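Heads up: the structure comes next, in structure tokens.
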Amino acid sequence: MISRILVSGVSGPIGAALLPPLKSRGYEVTRLVRGAAQSHDQISWDPAKPIAPESVSGFDAVIHLAGESIVGRWTEEKKAKIRSSRVTGTTALAQALAQAKEKPQVFASSSAIGYYGDRGSEVLNESSAPGEGFLSDVCREWEAATHDAVSAGIRTVSMRTGVVLSREGGALAKMLTPFKIGAGGKIGSGQQWMSWIDVQDMVGAIHHILKSDLLQGPVNMVAPRPVTNEEFTRTLASVLARPAIFPMPAFVVKLVFGEMGETVLLGSQRVEPTQLVMSGYPFRFSSLRASLENILKR
């Protein structure tokens, strides 16, 4: 029985969407926050430093969402922040949970489908091999950082998350302005695959992971029907009733965004949510159009 939950990374769009339904379901939620704790339901932490095991003892579940945004030009300094915020922070938390007197039943830790690298139209599931490149390396290290929790017998899930569709932040929020003024269009060839998930399904799938004792290891947090970038932009433009006639050529993406653009915007990952489907998670939004209409027409 899960009643007490510890959550990190609450300031992001996933964390912000997750807390209200958890509280409405009657869970007692405590947040791991940077800086000084401002209330009884907060615990202060610094992801770069070890965590006292007693401070994270007694929780039934831990949901770890914290990590530096990957958006922005990947300078060496930015890359170091991306890697360390994920690997060092996850290592510290996993070690503290492993040493806690009262360990959690489940540790759900973020990862990303960047694990698979740029794989063209290859269909990928949780058993697929990792890819190559910076983001793939980071995801591999990120997941390996949960090792101490796994060794301590805590059921540990690495949530390999795709593009989360939310009005409150992330990729969709950044795309809305150009598309609303009719200046949107496909990126590069438009043939690269985008594996997406509606933020409501992201929240629902996290709750499903907490309750599903058989789920452990990597779990792909994506909807069952990935789309190409061309289909995504065409659908978004249609829902907004705007044209999508201004493509961004690959060379412009590389010029403006550098390695980040080449990896994130031009990279292709056709990922299936095999573990979620097999464990019976009922997706609310399998259709991209239905998801976008729900988000944008509320």
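So you can find residues: chains in the structure tokens are A, B, ... in the order shown, residues in each start at 1, and ligands are numbered from 1 in order.
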Residues within 12 Å of range 18-23 of chain A, only C-alpha atoms, excluding chain neighbours under 6 positions, as number ranges by chain: A: 2-12, 29-31, 41, 61, 63-65, 199-208, 210
Can those selected residues be exported to a file as a PDB file, in the first residue's frame so that it contains C-alpha atoms?
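Output saved as out.pdb:
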ATOM      1  CA  ILE A   2       1.470   3.320  -1.110  1.00  0.00           C
ATOM      2  CA  SER A   3       0.498   6.426   0.857  1.00  0.00           C
ATOM      3  CA  ARG A   4       3.651   8.582   1.235  1.00  0.00           C
ATOM      4  CA  ILE A   5       5.398   9.751  -1.954  1.00  0.00           C
ATOM      5  CA  LEU A   6       8.599  11.764  -2.414  1.00  0.00           C
ATOM      6  CA  VAL A   7       8.916  13.694  -5.708  1.00  0.00           C
ATOM      7  CA  SER A   8      11.878  15.593  -7.213  1.00  0.00           C
ATOM      8  CA  GLY A   9      11.792  17.944 -10.207  1.00  0.00           C
ATOM      9  CA  VAL A  10       8.366  19.336  -9.355  1.00  0.00           C
ATOM     10  CA  SER A  11       8.922  22.666 -11.130  1.00  0.00           C
ATOM     11  CA  GLY A  12       8.901  21.122 -14.628  1.00  0.00           C
ATOM     12  CA  VAL A  29       3.283  14.133  -1.226  1.00  0.00           C
ATOM     13  CA  THR A  30       6.636  15.572  -0.136  1.00  0.00           C
ATOM     14  CA  ARG A  31       8.825  17.511  -2.555  1.00  0.00           C
ATOM     15  CA  ASP A  41       6.017  19.111   2.805  1.00  0.00           C
ATOM     16  CA  ALA A  61       7.435   5.576  -3.373  1.00  0.00           C
ATOM     17  CA  ILE A  63       9.431   9.700  -8.226  1.00  0.00           C
ATOM     18  CA  HIS A  64      12.611  11.307  -9.504  1.00  0.00           C
ATOM     19  CA  LEU A  65      12.056  13.862 -12.291  1.00  0.00           C
ATOM     20  CA  VAL A 199       1.026  14.894 -20.361  1.00  0.00           C
ATOM     21  CA  GLN A 200      -2.171  13.328 -18.942  1.00  0.00           C
ATOM     22  CA  ASP A 201      -0.944   9.887 -20.044  1.00  0.00           C
ATOM     23  CA  MET A 202       2.498  10.674 -18.644  1.00  0.00           C
ATOM     24  CA  VAL A 203       0.877  11.316 -15.264  1.00  0.00           C
ATOM     25  CA  GLY A 204      -1.391   8.294 -15.638  1.00  0.00           C
ATOM     26  CA  ALA A 205       1.522   6.033 -16.593  1.00  0.00           C
ATOM     27  CA  ILE A 206       3.558   7.155 -13.564  1.00  0.00           C
ATOM     28  CA  HIS A 207       0.617   6.289 -11.309  1.00  0.00           C
ATOM     29  CA  HIS A 208       0.314   2.937 -13.142  1.00  0.00           C
ATOM     30  CA  LEU A 210       3.511   2.889  -8.741  1.00  0.00           C
TER      31      LEU A 210
END
Per DSSP on the backbone, filter range 37-218 of chain A down to the residues in strand (DSSP E or B) and report them as a ChimeraX atom specification. /A:42-44,61-64,106-112,123-124,155-161,163-165,187,193-194,196-198,217-218
What's around Gln105 in chain A at 8 Å? Count only C-alpha atoms, leave out sequence neighbours fewer than 3 positions away in its own chain, and write the answer as JSON, numbers by chain. {"A": [60, 61, 154, 155]}
Would you write out those residues with C-alpha atoms, as a short mmCIF file (atom, residue, chain, number, x, y, z; two decimals), in the first residue's frame?
data_model
loop_
_atom_site.label_atom_id
_atom_site.label_comp_id
_atom_site.auth_asym_id
_atom_site.auth_seq_id
_atom_site.Cartn_x
_atom_site.Cartn_y
_atom_site.Cartn_z
CA ASP A 60 6.52 4.28 0.08
CA ALA A 61 7.44 5.58 -3.37
CA ILE A 154 13.93 -1.55 -4.31
CA ARG A 155 11.70 -2.05 -7.37
#
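In this model, the gap between CA of Leu288 in chain A and CA of Phe232 in chain A comes to 7.7 Å.
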Find the residues near range 163-175 of chain A: any atom within 10 Å, counting only C-alpha atoms, skip ones fewer than 5 places away on the same chain, and give them as a ChimeraX atom specification. /A:12-14,16-17,69,71,112-113,180,183-185,194-202,221-223,233,236,288,291-292,295-296
I need the residues from that last selection saved to file as a JSON list (two decimals), in the first residue's frame (with N, CA and C atoms), if you can.
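Saved the output as again09.json:
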[["chain", "number", "residue", "atom", "x", "y", "z"],
["A", 12, "GLY", "N", 9.07, 21.35, -13.19],
["A", 12, "GLY", "CA", 8.90, 21.12, -14.63],
["A", 12, "GLY", "C", 7.45, 20.82, -14.99],
["A", 13, "PRO", "N", 7.11, 20.77, -16.30],
["A", 13, "PRO", "CA", 5.72, 20.54, -16.72],
["A", 13, "PRO", "C", 5.17, 19.19, -16.26],
["A", 14, "ILE", "N", 6.02, 18.15, -16.18],
["A", 14, "ILE", "CA", 5.53, 16.84, -15.72],
["A", 14, "ILE", "C", 5.23, 16.91, -14.22],
["A", 16, "ALA", "N", 4.59, 19.51, -12.39],
["A", 16, "ALA", "CA", 3.45, 20.39, -12.13],
["A", 16, "ALA", "C", 2.13, 19.70, -12.42],
["A", 17, "ALA", "N", 2.12, 18.85, -13.46],
["A", 17, "ALA", "CA", 0.89, 18.12, -13.82],
["A", 17, "ALA", "C", 0.65, 16.93, -12.90],
["A", 69, "SER", "N", 17.54, 21.09, -18.16],
["A", 69, "SER", "CA", 16.90, 21.04, -19.49],
["A", 69, "SER", "C", 17.94, 20.79, -20.58],
["A", 71, "VAL", "N", 17.38, 21.66, -23.63],
["A", 71, "VAL", "CA", 17.18, 22.70, -24.64],
["A", 71, "VAL", "C", 18.25, 23.78, -24.51],
["A", 112, "ALA", "N", 15.22, 8.88, -20.76],
["A", 112, "ALA", "CA", 14.65, 9.44, -21.98],
["A", 112, "ALA", "C", 14.87, 8.49, -23.15],
["A", 113, "ILE", "N", 14.04, 8.65, -24.18],
["A", 113, "ILE", "CA", 14.21, 7.79, -25.36],
["A", 113, "ILE", "C", 15.47, 8.18, -26.13],
["A", 180, "LYS", "N", 1.03, 29.38, -34.63],
["A", 180, "LYS", "CA", -0.17, 30.22, -34.54],
["A", 180, "LYS", "C", -0.15, 31.36, -35.54],
["A", 183, "ALA", "N", 3.77, 30.44, -39.33],
["A", 183, "ALA", "CA", 5.18, 30.37, -39.73],
["A", 183, "ALA", "C", 5.80, 29.02, -39.37],
["A", 184, "GLY", "N", 4.96, 28.02, -39.10],
["A", 184, "GLY", "CA", 5.47, 26.69, -38.75],
["A", 184, "GLY", "C", 5.70, 25.83, -39.98],
["A", 185, "GLY", "N", 6.37, 24.72, -39.79],
["A", 185, "GLY", "CA", 6.60, 23.78, -40.88],
["A", 185, "GLY", "C", 7.47, 22.64, -40.41],
["A", 194, "MET", "N", 8.91, 10.93, -34.40],
["A", 194, "MET", "CA", 8.73, 11.58, -33.10],
["A", 194, "MET", "C", 7.87, 10.67, -32.24],
["A", 195, "SER", "N", 8.41, 10.26, -31.11],
["A", 195, "SER", "CA", 7.65, 9.45, -30.17],
["A", 195, "SER", "C", 7.17, 10.36, -29.05],
["A", 196, "TRP", "N", 5.88, 10.54, -28.95],
["A", 196, "TRP", "CA", 5.28, 11.55, -28.10],
["A", 196, "TRP", "C", 4.38, 10.89, -27.04],
["A", 197, "ILE", "N", 4.00, 11.66, -26.02],
["A", 197, "ILE", "CA", 3.01, 11.22, -25.04],
["A", 197, "ILE", "C", 2.29, 12.44, -24.50],
["A", 198, "ASP", "N", 0.98, 12.34, -24.37],
["A", 198, "ASP", "CA", 0.20, 13.42, -23.77],
["A", 198, "ASP", "C", 0.55, 13.51, -22.29],
["A", 199, "VAL", "N", 0.63, 14.72, -21.76],
["A", 199, "VAL", "CA", 1.03, 14.89, -20.36],
["A", 199, "VAL", "C", 0.06, 14.17, -19.41],
["A", 200, "GLN", "N", -1.22, 14.06, -19.80],
["A", 200, "GLN", "CA", -2.17, 13.33, -18.94],
["A", 200, "GLN", "C", -1.84, 11.84, -18.90],
["A", 201, "ASP", "N", -1.37, 11.29, -20.03],
["A", 201, "ASP", "CA", -0.94, 9.89, -20.04],
["A", 201, "ASP", "C", 0.39, 9.72, -19.32],
["A", 202, "MET", "N", 1.24, 10.73, -19.39],
["A", 202, "MET", "CA", 2.50, 10.67, -18.64],
["A", 202, "MET", "C", 2.20, 10.54, -17.15],
["A", 221, "MET", "N", 7.97, 5.61, -21.99],
["A", 221, "MET", "CA", 6.83, 6.49, -21.69],
["A", 221, "MET", "C", 6.48, 7.26, -22.97],
["A", 222, "VAL", "N", 5.82, 6.56, -23.88],
["A", 222, "VAL", "CA", 5.42, 7.13, -25.17],
["A", 222, "VAL", "C", 4.04, 6.58, -25.53],
["A", 223, "ALA", "N", 3.33, 7.28, -26.40],
["A", 223, "ALA", "CA", 2.03, 6.81, -26.88],
["A", 223, "ALA", "C", 2.25, 5.67, -27.89],
["A", 233, "THR", "N", 3.76, 18.10, -37.64],
["A", 233, "THR", "CA", 3.56, 19.52, -37.98],
["A", 233, "THR", "C", 2.27, 19.73, -38.77],
["A", 236, "LEU", "N", -0.58, 19.47, -36.16],
["A", 236, "LEU", "CA", -0.62, 20.66, -35.30],
["A", 236, "LEU", "C", -1.19, 21.86, -36.06],
["A", 288, "LEU", "N", -2.60, 11.39, -31.98],
["A", 288, "LEU", "CA", -1.97, 12.70, -31.84],
["A", 288, "LEU", "C", -3.01, 13.81, -31.97],
["A", 291, "SER", "N", -5.04, 14.24, -28.84],
["A", 291, "SER", "CA", -4.23, 14.86, -27.78],
["A", 291, "SER", "C", -4.12, 16.36, -28.00],
["A", 292, "LEU", "N", -3.75, 16.77, -29.23],
["A", 292, "LEU", "CA", -3.56, 18.18, -29.51],
["A", 292, "LEU", "C", -4.86, 18.96, -29.39],
["A", 295, "ILE", "N", -5.52, 19.48, -25.69],
["A", 295, "ILE", "CA", -4.61, 20.44, -25.07],
["A", 295, "ILE", "C", -4.91, 21.86, -25.53],
["A", 296, "LEU", "N", -5.15, 22.03, -26.84],
["A", 296, "LEU", "CA", -5.22, 23.38, -27.42],
["A", 296, "LEU", "C", -6.62, 23.98, -27.44]]
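When the distance limit is 10 Å and only C-alpha atoms are what count, the residues near Ala149 in chain A, minus those fewer than 2 positions from it on the same chain, are A:Thr90, A:Thr91, A:Leu93, A:Ala94, A:Gln95, A:Ala96, A:Leu97, A:Ala98, A:Gln99, A:Lys103, A:Pro104, A:Val106, A:Phe107, A:Ala145, A:Thr146, A:His147, A:Ser151, A:Ala152, A:Gly153, A:Ile154, A:Arg155, A:Thr156.
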From a backbone DSSP assignment, name each residue in range 56-288 of chain A labelled helix (DSSP H, G or I), as a VMD selection string. chain A and resid 56 76 to 99 113 to 116 134 to 144 147 to 151 170 to 180 199 to 211 229 to 240 250 to 265 274 to 278 288
Please tabulate, as a tab-separated table, the residues of range 46-153 of chain A that come within 8 Å of range 248-261 of chain A, each with its closest pair of atoms and the distance in Å to one decimal, counting only C-alpha atoms and ordering rows by chain, then residue number upward.
residue	atom	partner	partner_atom	distance
A:Ile70	CA	A:Met260	CA	7.7
A:Val71	CA	A:Met260	CA	7.3
A:Gly72	CA	A:Met260	CA	7.0
A:Arg73	CA	A:Phe257	CA	5.6
A:Trp74	CA	A:Met260	CA	5.9
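Across A:Val56, A:Ala129, A:Ile181, A:Ala80, the tightest approach to Ala244 in chain A is made by A:Ile181 when counting only C-alpha atoms.
Candidate residues A:Gly162, A:Gly89, A:Pro247, A:Pro226 were compared for distance to Lys49 in chain A, and the nearest is A:Gly89, using only C-alpha atoms.
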